[in-house]
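K.L.:
So that we are looking at the same thing, I have put the structure below in structure tokens.
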Amino acid sequence: MSLTKLKSAAELAQIRDELGAQGRRLVFTNGCFDILHAGHVRYLQQARQLGDALLVALNGDESVRALKGPTRPLNGQDDRAEVLCALGCVDYVTIFPEVRVTNILRDVKPQIYAKGGDYTPESLNPEERDALTEINAEIKILPLVPGRSTTGLITKMGSGK
């Protein structure tokens, strides 16, 4: 098990500065990634193609519970981070405890922010959108993979079908 890709916000800010000095761009995305599925993998691969390095900010366990309910996450944050670190398209992972990614956005200041197609720039959380404007990040909305969702998988497993 190698978690060398797991970084703190301070380390990531330094990495972002080093990339920027080389004219390279850091792509930032975030989520729970509770049960990794093909939709996640395709999304992360597309996000990585937007720049020169991909950072995945992973919701910590408490924030997943706040967002998804008391039975989630199914996999703890350390396991979810390990799975993400194993993906070739993911360059860095960080775990953040808050429900919103606002603070880590302000700390890291990525050049590009990628989000799935269930969002639009207008439907992003207002605090997150303000942080993105403040740091001058380019917002990219990537298409959803139809029929692929963690909630859908959990429902399917519960029904036994």
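For the structure tokens, the naming scheme is as follows: chains receive sequential letters (A, B, ...) according to their order of presentation, residues are indexed from 1 within each chain, and ligands are indexed from 1 in presentation order.
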If you run DSSP on the backbone here, which positions in chain A get strand (DSSP E or B)? Please write them as a PyMOL selection string.

P.N.:
chain A and resi 6+26-31+53-59+92-96+112-116+138-142

K.L.:
As a PyMOL selection string, please: all residues of chain A that backbone DSSP puts in alpha helix (DSSP H).

P.N.:
chain A and resi 9-21+38-48+61-68+77-85+102-108+126-134+150-159

K.L.:
Work out how far atom CA of A:Val27 is from atom CA of A:Asp61, in Å to one decimal.

P.N.:
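Here the two named atoms are 23.2 Å from each other.
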
K.L.:
Which stretch 27-115 of chain A residues have any atom within 6 Å of an atom of stretch 126-142 of chain A, and for each, what is the nearest pair of atoms with distance in Å to one decimal, counting only C-alpha atoms, rows sorted by chain and number, as a Markdown table?

P.N.:
```
| residue | atom | partner | partner_atom | distance |
| --- | --- | --- | --- | --- |
| A:Thr102 | CA | A:Glu128 | CA | 4.9 |
| A:Lys109 | CA | A:Ile135 | CA | 5.8 |
| A:Gln111 | CA | A:Ala137 | CA | 4.7 |
| A:Ile112 | CA | A:Glu138 | CA | 4.7 |
| A:Tyr113 | CA | A:Ile139 | CA | 4.9 |
| A:Ala114 | CA | A:Lys140 | CA | 4.8 |
| A:Lys115 | CA | A:Ile141 | CA | 5.0 |
```

K.L.:
Would you output that residue set with C-alpha atoms, as a compact mmCIF listing (two decimals), in the first residue's frame?

P.N.:
```
# COMPACT_ATOMS: atom_id res chain seq x y z
CA THR A 102 -14.11 26.08 0.02
CA LYS A 109 -5.53 27.72 -5.54
CA GLN A 111 -5.86 26.68 -11.97
CA ILE A 112 -8.71 24.38 -13.07
CA TYR A 113 -11.72 23.07 -11.13
CA ALA A 114 -13.55 20.07 -12.61
CA LYS A 115 -17.04 18.98 -11.60
```

K.L.:
Skipping near chain neighbours, those fewer than 3 positions away, what residues fall within 10 Å of A:Pro97 using only C-alpha atoms, listed as a list in words?

P.N.:
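So the residues in contact are Leu58, Asn59, Gly60, Asp61, Glu62, Ser63, Val64, Arg100, Val101 and Ile104 of chain A.
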
K.L.:
Write the residues you've just listed into a file as a CSV table (one decimal), in the first residue's frame, and include N, CA and C atoms for each of them.

P.N.:
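The resulting selection-v5.csv:
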```csv
chain,number,residue,atom,x,y,z
A,58,LEU,N,-10.8,14.6,-1.2
A,58,LEU,CA,-11.7,13.6,-0.8
A,58,LEU,C,-12.5,14.0,0.5
A,59,ASN,N,-13.8,13.9,0.5
A,59,ASN,CA,-14.6,14.3,1.7
A,59,ASN,C,-14.2,13.3,2.8
A,60,GLY,N,-13.9,13.8,4.0
A,60,GLY,CA,-13.7,12.9,5.1
A,60,GLY,C,-15.0,12.2,5.6
A,61,ASP,N,-14.8,11.3,6.4
A,61,ASP,CA,-16.0,10.4,6.8
A,61,ASP,C,-17.1,11.3,7.4
A,62,GLU,N,-16.8,12.2,8.3
A,62,GLU,CA,-17.9,13.0,8.9
A,62,GLU,C,-18.6,13.9,7.9
A,63,SER,N,-17.9,14.4,6.9
A,63,SER,CA,-18.6,15.2,5.9
A,63,SER,C,-19.4,14.4,5.0
A,64,VAL,N,-19.0,13.1,4.7
A,64,VAL,CA,-19.8,12.2,3.9
A,64,VAL,C,-21.1,11.9,4.6
A,100,ARG,N,-18.0,21.4,2.7
A,100,ARG,CA,-17.7,22.2,1.5
A,100,ARG,C,-16.2,22.2,1.3
A,101,VAL,N,-15.8,22.3,0.1
A,101,VAL,CA,-14.4,22.3,-0.3
A,101,VAL,C,-13.8,23.7,-0.3
A,104,ILE,N,-10.1,24.4,1.3
A,104,ILE,CA,-9.0,23.8,0.6
A,104,ILE,C,-8.8,24.4,-0.8
```
